[in-house]
Each structure stands twice: as structure tokens, then as C-alpha cells.
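What follows is one structure encoded as C-alpha cells, with my remarks underneath.
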Amino acid sequence: MPSPLLLQFGGSLVAILALAGLARWLGLGGTPRLATAEDVRRIAGELVDGFACRRLSHDREGAAALVEDAAGRVMLIKRHGNRFAGRILGPEARARLQDGPGAAALVVDCGEPRFGKVILDLPDQVAWAQTINAIGEQRHA
Amino acid sequence: MPDFSPTDCAVPLFVVAVLAEMIWAKLRAPEAYEPRDTLVSLAFGLGSTVAGALLGGFALWVFMAAYDYRLFDFGQEWWTVWWAWPLCFVLDDLAYYWVHRAGHRIRWMWASHVNHHSSQHYNLSTALRQSWTGAFTFGFVFTLPLVLLGFHPAMIAICGGFNLIYQFWIHTEAIKRMPAWFEAVMNTPSHHRVHHATNPRYLDKNYAGVFIVWDKLFGTFEPEVDDEPIRYGIVKQLGSFNLLWAVFHEWIGMIADIWRAPWKHKLSYLLREPGWSHDGSRETSDMIRKRWQERVRKAPLSTSMSVADRNPIAEASEAA
């Protein structure tokens with residue numbers, strides 16, 4: 001016979017899975033897009049207060065973006081659920097071009113495993129790859 | 001002695017209320033919920049009850065030991081002293097204010113409390129996003145004076161349970177403002193939205209549990225501004241739905257900082273405010289707010305505009 005505590009735990013687990021399933025079934029959440037430069041500027045300024053984009057580029061799907069400010073700080077922005085999260089890239093950041101079924105894509109690794117690698121389809125990805133890889137090189141020079 | 005856990009009794013109420021808010025969200029604000037975020041928040045809640053059962057024994061032992069040295073004695077049947085209950089509730093809420101404030105201003109405490117703030121959403125499921133690691137902090141010390149005054153640990157636990165239940169309903173965007181008299185005295189959804197915000201003006205404000213008067217008394221009150229959209233979460237958003245990372249990320253970060261820091265700075269990474277660094281490479285909430293205030297002073301435009309909005313010099317290269 002399972003203990004009352006175990007039953008309570010099991011019941012709670014079923015309840016939370018049911019609630020999360022219900023949220024999905026109800027279609028809650030949504031998929032925001034970084035559709036315009038204004039969207040990117042706004043999100044960048046929200047993620048790092050005061051971040052003023054001097055240069056920006058957003059993914060064709062609107063799921064991610066790269067931005068740079070006048071101080072040379074580069075921020076990687078990605079969609080996280082139905083919000084956005086960002087990281088100022090440091091010397092551990094790496095970028096490489098990845099060939100796909102269509103055009104090549106830019107893969108950016110901010111060096112934080114849990115943040116994950118972000119794949120961007122950008123019009124100017126070679127330039128961004130050089131900028132990102134130069135961050136580490138400048139620091140090590 | 002009463003054997004009663006208010007929070008256990010309230011669980012069905014929590015479930016029904018979350019259901020009701022989800023229906024509200026479906027009709028009015030679908031973006032208020034995100035299924036994966038909801039799952040993480042609720043898993044936090046379940047895990048915190050397990051952690052409390054497994055690790056709460058030490059604090060209870062300290063409380064019972066301290067009770068032997070109490071200043072006043074409410075007698076063998078202390079639970080029959082009716083006026084002790086509201087008094088205990090108010091004093092426990094005062095203790096909560098300070099433990100909560102410490103939870104934001106001392107990194108050791110923040111490593112645990114950050115769990116409650118790591119969602120970028122603000123809904124009733126966020127209320128259940130409770131820490132698993134509170135037992136590894138010294139939060140219980142703030143409640144110890146109540147035990148030494150003579151309040152039985154069980155009375156404090158029951159009052160604390162009702163305090164937690166009160167705080168559940170204020171985690172919502174569905175309620176804009178309560179009547180003015182209520183907003184003046186009690187913690188409300190509006191006041192607590194401020195507390196969960198990452199907007200610079202709101203950082204480290206409104207620590208109250210039940211009575212907002214503590215913030216007004218101790219200088220940490222900030223009212224909600226209607227024309228500034230609130231952004232929820234933490235200054236460095238997690239960007240991950242991994243439950244274990246969400247639970248332990250700040251502990252890992254803090255221990256790594258202590259490990260790497262020069263000897264004379266190690267303790268500061270434990271006891272100073274989150275964001276402090278010995279080389280000034282990071283920002284505390286005070287530094288973020290100061291920078292924001294200076295920027296707004298220079299460009300006093302609408303507060304609803306983001307900084308980026310105020311910088312039309314930006315060049316864009318959009319995807320084709």
C-alpha cells in the first residue's frame with residue numbers, strides 16, 4: 001500500500017502535468033517574432049537596459065537576432081518560449097557558418113551550455129561571424 | 001496542539017484558481033501563459049514541498065530549542081490565547097519582509113530566492129514557483145525573535161502558511177487595481193507586479209508579504225506606473241526551461257565566483273548584493289537604476305518608450 005505522502009506526490013504530479021497540458025491545449029503562449037528593426041531595438045533595450053543598437057540584424061524567421069552597440073558590445077537574442085532572452089557575447093563566444101538544405105546559416109554559441117547554440121539565417125552572417133569571433137581574439141591578443 | 005497545514009488544505013484552491021486564470025488568459029491575454037514555463041513553475045512548487053519535508057527539520061529543531069528560552073509564556077494551551085494569533089501573524093509578516101529583503105540583497109539568500117523570480121511570466125503558476133534550497137540559507141534566523149518572544153513554532157508555521165496563501169492570489173495580471181484603501185494597506189497584484197519586474201525603476205522594491213505598509217515604512221515602496229509595460233523575470237534571463245538548471249544556476253554561479261575570486265573578495269561574493277563583482281565587471285540593481293535615472297534625466301521622453309526607441313541613429317539591416 002503506497003504511503004499517503006507518496007499518493008499526495010503522485011496526485012500533485014498528475015495535476016501539474018494536466019495543468020501544463022491544458023495550457024498547451026488552450027493554445028496559450030504564442031510565437032512572437034522579431035519582424036522589424038524596431039522590434040529588435042525594443043527587445044535589445046529591454047533585455048539589457050540602455051542597450052542602443054548601432055548595428056542589428058534579425059533572423060529571417062524572426063526567432064533570433066544579433067545586435068551591436070556603440071561600445072562594441074554584441075548581444076545574441078533568441079526567442080525563449082513566448083518571450084526573448086539575450087546574452088552579451090564574451091571571449092568564449094564562437095560563431096560558424098553551417099551549410100543547410102537551403103542557404104548557409106550562422107550558428108552562434110555564447111559559451112553558456114544551458115542557453116544553447118542559436119542558429120540564425122541572416123543576410124550578413126559572414127560579417128557577424130567575423131565580429132563575434134574577433135571578440136575572443138581581441139581579448140586574447 | 002493544532003496539527004494543521006493551511007497550505008496543504010489550499011492546494012485544491014490553487015489548482016482551481018490556476019484553471020480559472022488560464023481561461024481568462026485564453027479569452028483576454030493568451031501570452032500570459034507559456035505551457036513549458038507553467039510546467040517548470042508547477043514542478044518547482046511540487047519539488048519545494050518535497051525539499052521542505054526532507055530539509056526543513058533543522059530549522060524546526062532550532063526553533064524548538066529556542067522556544068525553551070522564550071521571554072513570555074502563553075501557557076500549555078497557547079493556541080487558546082486568541083489575541084496571540086493576529087499578533088503572531090503581523091509580526092511574522094514583518095519578519096517575512098526582512099527575510100525577503102535579505103533574499104534580494106544577499107547573494108547567498110538570492111541563490112535560493114531567485115527561483116521564484118526566474119519566470120518571464122507573471123501568473124498564478126508563478127506563485128507556486130517556490131525554492132528548493134531555502135534550507136541552505138539562514139532565512140529562518142529572521143523568524144527566531146518570534147520564537148524567543150514566546151510564540152510557539154507551530155503557531156508561527158500556521159501563520160506563515162496563511163501568509164503564503166495570501167501571496168498566491170497577488171501573482172496575476174488579471175486584476176489591475178484593488179480599491180484605494182486596500183492598495184494603501186495590503187500587498188496587491190499591482191504592488192507585487194512591481195516586485196517581479198526587471199524594469200530599472202522597479203528593481204528590489206515592494207518586498208511585502210501581506211501588508212505593504214512595511215515597504216512604505218522602510219523606504220522600499222514603489223507604485224506601479226500605468227504607462228510603462230512591465231518586464232518580468234531576472235536581469236539575466238535564464239533562456240532555458242531546464243528545471244534543474246533553474247533550481248541551481250545561481251548556486252553554481254556563486255560558488256564559481258567564490259572559487260575564482262581573490263581571497264579577500266571571496267566572502268563578498270557570498271554576502272554582498274547580487275551583481276556585485278570585485279572588478280566592477282557586473283552591475284547591481286542599484287547601478288542599473290542609477291544608470292537608467294541618468295539616461296532618463298538626459299532624455300526625458302515618455303517612460304513607455306524603450307531606450308532603443310529613443311535612439312533613432314541606429315542602423316538596421318533586415319533579413320531579406
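In the C-alpha cells, each chain is lettered A, B, ... as it comes, each chain's residues begin at 1, and ligands are numbered from 1 in order of appearance.
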
Hey, could you make a per-residue contact list for chain A against chain B with 8 Å as the cut-off, showing the nearest pair of atoms and its distance in Å to one decimal, counting only C-alpha atoms, sorted by chain and number, as a Markdown table?
```
| residue | atom | partner | partner_atom | distance |
| --- | --- | --- | --- | --- |
| A:Phe9 | CA | B:Leu46 | CA | 7.6 |
| A:Ser12 | CA | B:Leu46 | CA | 7.0 |
| A:Leu13 | CA | B:Leu46 | CA | 7.4 |
| A:Ala15 | CA | B:Val15 | CA | 7.8 |
| A:Ile16 | CA | B:Leu42 | CA | 5.9 |
| A:Leu17 | CA | B:Leu39 | CA | 6.9 |
| A:Leu19 | CA | B:Leu19 | CA | 7.3 |
| A:Ala20 | CA | B:Leu39 | CA | 5.2 |
| A:Gly21 | CA | B:Pro35 | CA | 7.1 |
| A:Ala23 | CA | B:Pro35 | CA | 5.2 |
| A:Arg24 | CA | B:Pro35 | CA | 5.4 |
| A:Leu26 | CA | B:Lys26 | CA | 6.6 |
| A:Gly27 | CA | B:Pro30 | CA | 7.4 |
| A:Leu28 | CA | B:Pro30 | CA | 4.7 |
| A:Gly29 | CA | B:Glu34 | CA | 4.3 |
| A:Gly30 | CA | B:Glu31 | CA | 6.1 |
| A:Thr36 | CA | B:Glu318 | CA | 7.1 |
| A:Ala37 | CA | B:Ala316 | CA | 6.0 |
| A:Glu38 | CA | B:Asp309 | CA | 7.5 |
| A:Arg41 | CA | B:Ala308 | CA | 5.0 |
| A:Arg42 | CA | B:Ala308 | CA | 5.4 |
| A:Ala44 | CA | B:Ala308 | CA | 7.3 |
| A:Gly45 | CA | B:Ala308 | CA | 5.3 |
| A:Glu46 | CA | B:Ser306 | CA | 7.0 |
| A:Leu47 | CA | B:Val235 | CA | 7.5 |
| A:Val48 | CA | B:Val235 | CA | 7.7 |
| A:Asp49 | CA | B:Val307 | CA | 7.4 |
| A:Gly50 | CA | B:Val307 | CA | 5.5 |
| A:Phe51 | CA | B:Ala308 | CA | 6.8 |
| A:Ala52 | CA | B:Ala308 | CA | 5.1 |
| A:Cys53 | CA | B:Ala314 | CA | 5.5 |
| A:Arg54 | CA | B:Ala314 | CA | 4.6 |
| A:Arg55 | CA | B:Glu315 | CA | 5.3 |
| A:Leu56 | CA | B:Ala316 | CA | 5.3 |
| A:Ser57 | CA | B:Ser317 | CA | 5.2 |
| A:His58 | CA | B:Glu318 | CA | 6.1 |
| A:Asp59 | CA | B:Ala319 | CA | 6.3 |
| A:Arg60 | CA | B:Ala319 | CA | 5.3 |
| A:His80 | CA | B:Gly239 | CA | 5.8 |
| A:Gly81 | CA | B:Glu34 | CA | 6.5 |
| A:Asn82 | CA | B:Glu34 | CA | 6.6 |
| A:Arg83 | CA | B:Gln120 | CA | 7.1 |
| A:Phe84 | CA | B:Gly239 | CA | 7.7 |
| A:Ala85 | CA | B:Gly239 | CA | 5.3 |
| A:Gly86 | CA | B:Gln237 | CA | 7.2 |
| A:Arg87 | CA | B:Lys236 | CA | 7.8 |
| A:Arg114 | CA | B:Ser240 | CA | 6.1 |
| A:Phe115 | CA | B:Gly239 | CA | 5.4 |
| A:Asp121 | CA | B:Ala319 | CA | 8.0 |
| A:Leu122 | CA | B:Ala319 | CA | 5.8 |
| A:Pro123 | CA | B:Ala319 | CA | 5.5 |
```

I'd like the neighbourhood of region 79-89 of chain B as number ranges by chain, where a residue qualifies if any of its atoms comes within 9 Å (using only C-alpha atoms), though same-chain residues fewer than 3 positions away should be ignored.
B: 1-2, 74-76, 92-94, 146, 151-152, 155-156, 158-160, 162-163

What parts of region 8-116 of chain A does DSSP call strand (DSSP E or B)? I'd like the answer as a PyMOL selection string.
chain A and resi 53-58+64-69+74-80+83-88+94-98+105-109

Name the residues in contact with Phe63 (chain B) at a cut-off of 12 Å, using only C-alpha atoms, excluding same-chain residues fewer than 3 positions from it; report them as number ranges by chain.
B: 56-60, 66-70, 140-157

Per DSSP on the backbone, filter chain A down to the residues in helix (DSSP H, G or I) and report them as a ChimeraX atom specification.
/A:4-25,37-47,125-140

Calculate how many Å separate CA of Lys216 (chain B) from CA of Gly134 (chain B), rounding to one decimal.
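Distance between the two atoms: 26.5 Å.
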
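CA of His100 (chain B) sits 16.6 Å away from CA of Leu270 (chain B).
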
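Note that CA of Glu283 (chain B) and CA of Ile135 (chain A) are 20.7 Å apart.
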
Pick out the residues sitting within 12 Å of Gln130 (chain A), and hand them over as a PDB file with N, CA and C atoms, in the first residue's frame; count only C-alpha atoms, and ignore anything fewer than 3 positions along from it in its own chain.
```
ATOM      1  N   VAL A  74      28.340  43.046 -28.316  1.00  0.00           N
ATOM      2  CA  VAL A  74      27.466  42.295 -29.221  1.00  0.00           C
ATOM      3  C   VAL A  74      26.527  41.444 -28.368  1.00  0.00           C
ATOM      4  N   ALA A  93      32.584  33.216 -26.733  1.00  0.00           N
ATOM      5  CA  ALA A  93      31.572  33.068 -27.797  1.00  0.00           C
ATOM      6  C   ALA A  93      32.229  32.660 -29.113  1.00  0.00           C
ATOM      7  N   ARG A  94      31.536  31.834 -29.849  1.00  0.00           N
ATOM      8  CA  ARG A  94      32.034  31.381 -31.147  1.00  0.00           C
ATOM      9  C   ARG A  94      30.901  31.432 -32.162  1.00  0.00           C
ATOM     10  N   ALA A  95      31.275  31.699 -33.402  1.00  0.00           N
ATOM     11  CA  ALA A  95      30.279  31.697 -34.484  1.00  0.00           C
ATOM     12  C   ALA A  95      30.861  30.955 -35.672  1.00  0.00           C
ATOM     13  N   ARG A  96      30.026  30.171 -36.324  1.00  0.00           N
ATOM     14  CA  ARG A  96      30.480  29.468 -37.531  1.00  0.00           C
ATOM     15  C   ARG A  96      29.316  29.369 -38.509  1.00  0.00           C
ATOM     16  N   LEU A  97      29.697  29.232 -39.771  1.00  0.00           N
ATOM     17  CA  LEU A  97      28.670  29.083 -40.807  1.00  0.00           C
ATOM     18  C   LEU A  97      28.378  27.601 -41.002  1.00  0.00           C
ATOM     19  N   LEU A 106      24.057  30.820 -39.727  1.00  0.00           N
ATOM     20  CA  LEU A 106      25.071  31.193 -38.748  1.00  0.00           C
ATOM     21  C   LEU A 106      24.729  30.522 -37.421  1.00  0.00           C
ATOM     22  N   VAL A 108      25.619  30.438 -33.552  1.00  0.00           N
ATOM     23  CA  VAL A 108      26.311  31.213 -32.521  1.00  0.00           C
ATOM     24  C   VAL A 108      26.215  30.481 -31.192  1.00  0.00           C
ATOM     25  N   ASP A 124      23.642  39.031 -43.528  1.00  0.00           N
ATOM     26  CA  ASP A 124      25.050  39.443 -43.414  1.00  0.00           C
ATOM     27  C   ASP A 124      25.789  38.573 -42.393  1.00  0.00           C
ATOM     28  N   GLN A 125      25.620  37.269 -42.515  1.00  0.00           N
ATOM     29  CA  GLN A 125      26.134  36.401 -41.452  1.00  0.00           C
ATOM     30  C   GLN A 125      27.656  36.264 -41.439  1.00  0.00           C
ATOM     31  N   VAL A 126      28.303  36.437 -42.585  1.00  0.00           N
ATOM     32  CA  VAL A 126      29.771  36.346 -42.596  1.00  0.00           C
ATOM     33  C   VAL A 126      30.363  37.476 -41.753  1.00  0.00           C
ATOM     34  N   ALA A 127      29.815  38.653 -41.942  1.00  0.00           N
ATOM     35  CA  ALA A 127      30.309  39.807 -41.178  1.00  0.00           C
ATOM     36  C   ALA A 127      30.080  39.612 -39.685  1.00  0.00           C
ATOM     37  N   ASN A 133      33.720  36.241 -33.610  1.00  0.00           N
ATOM     38  CA  ASN A 133      34.983  35.526 -33.374  1.00  0.00           C
ATOM     39  C   ASN A 133      36.118  36.479 -33.008  1.00  0.00           C
ATOM     40  N   ALA A 134      35.974  37.729 -33.437  1.00  0.00           N
ATOM     41  CA  ALA A 134      37.016  38.723 -33.109  1.00  0.00           C
ATOM     42  C   ALA A 134      36.982  39.096 -31.622  1.00  0.00           C
ATOM     43  N   ILE A 135      35.830  38.889 -30.961  1.00  0.00           N
ATOM     44  CA  ILE A 135      35.723  39.263 -29.542  1.00  0.00           C
ATOM     45  C   ILE A 135      36.764  38.486 -28.723  1.00  0.00           C
ATOM     46  N   GLY A 136      36.808  37.177 -28.966  1.00  0.00           N
ATOM     47  CA  GLY A 136      37.756  36.341 -28.245  1.00  0.00           C
ATOM     48  C   GLY A 136      39.189  36.647 -28.648  1.00  0.00           C
ATOM     49  N   GLU A 137      39.389  36.894 -29.943  1.00  0.00           N
ATOM     50  CA  GLU A 137      40.743  37.149 -30.424  1.00  0.00           C
ATOM     51  C   GLU A 137      41.296  38.451 -29.837  1.00  0.00           C
ATOM     52  N   GLN A 138      40.434  39.480 -29.752  1.00  0.00           N
ATOM     53  CA  GLN A 138      40.865  40.760 -29.169  1.00  0.00           C
ATOM     54  C   GLN A 138      41.283  40.555 -27.712  1.00  0.00           C
TER      55      GLN A 138
END
```
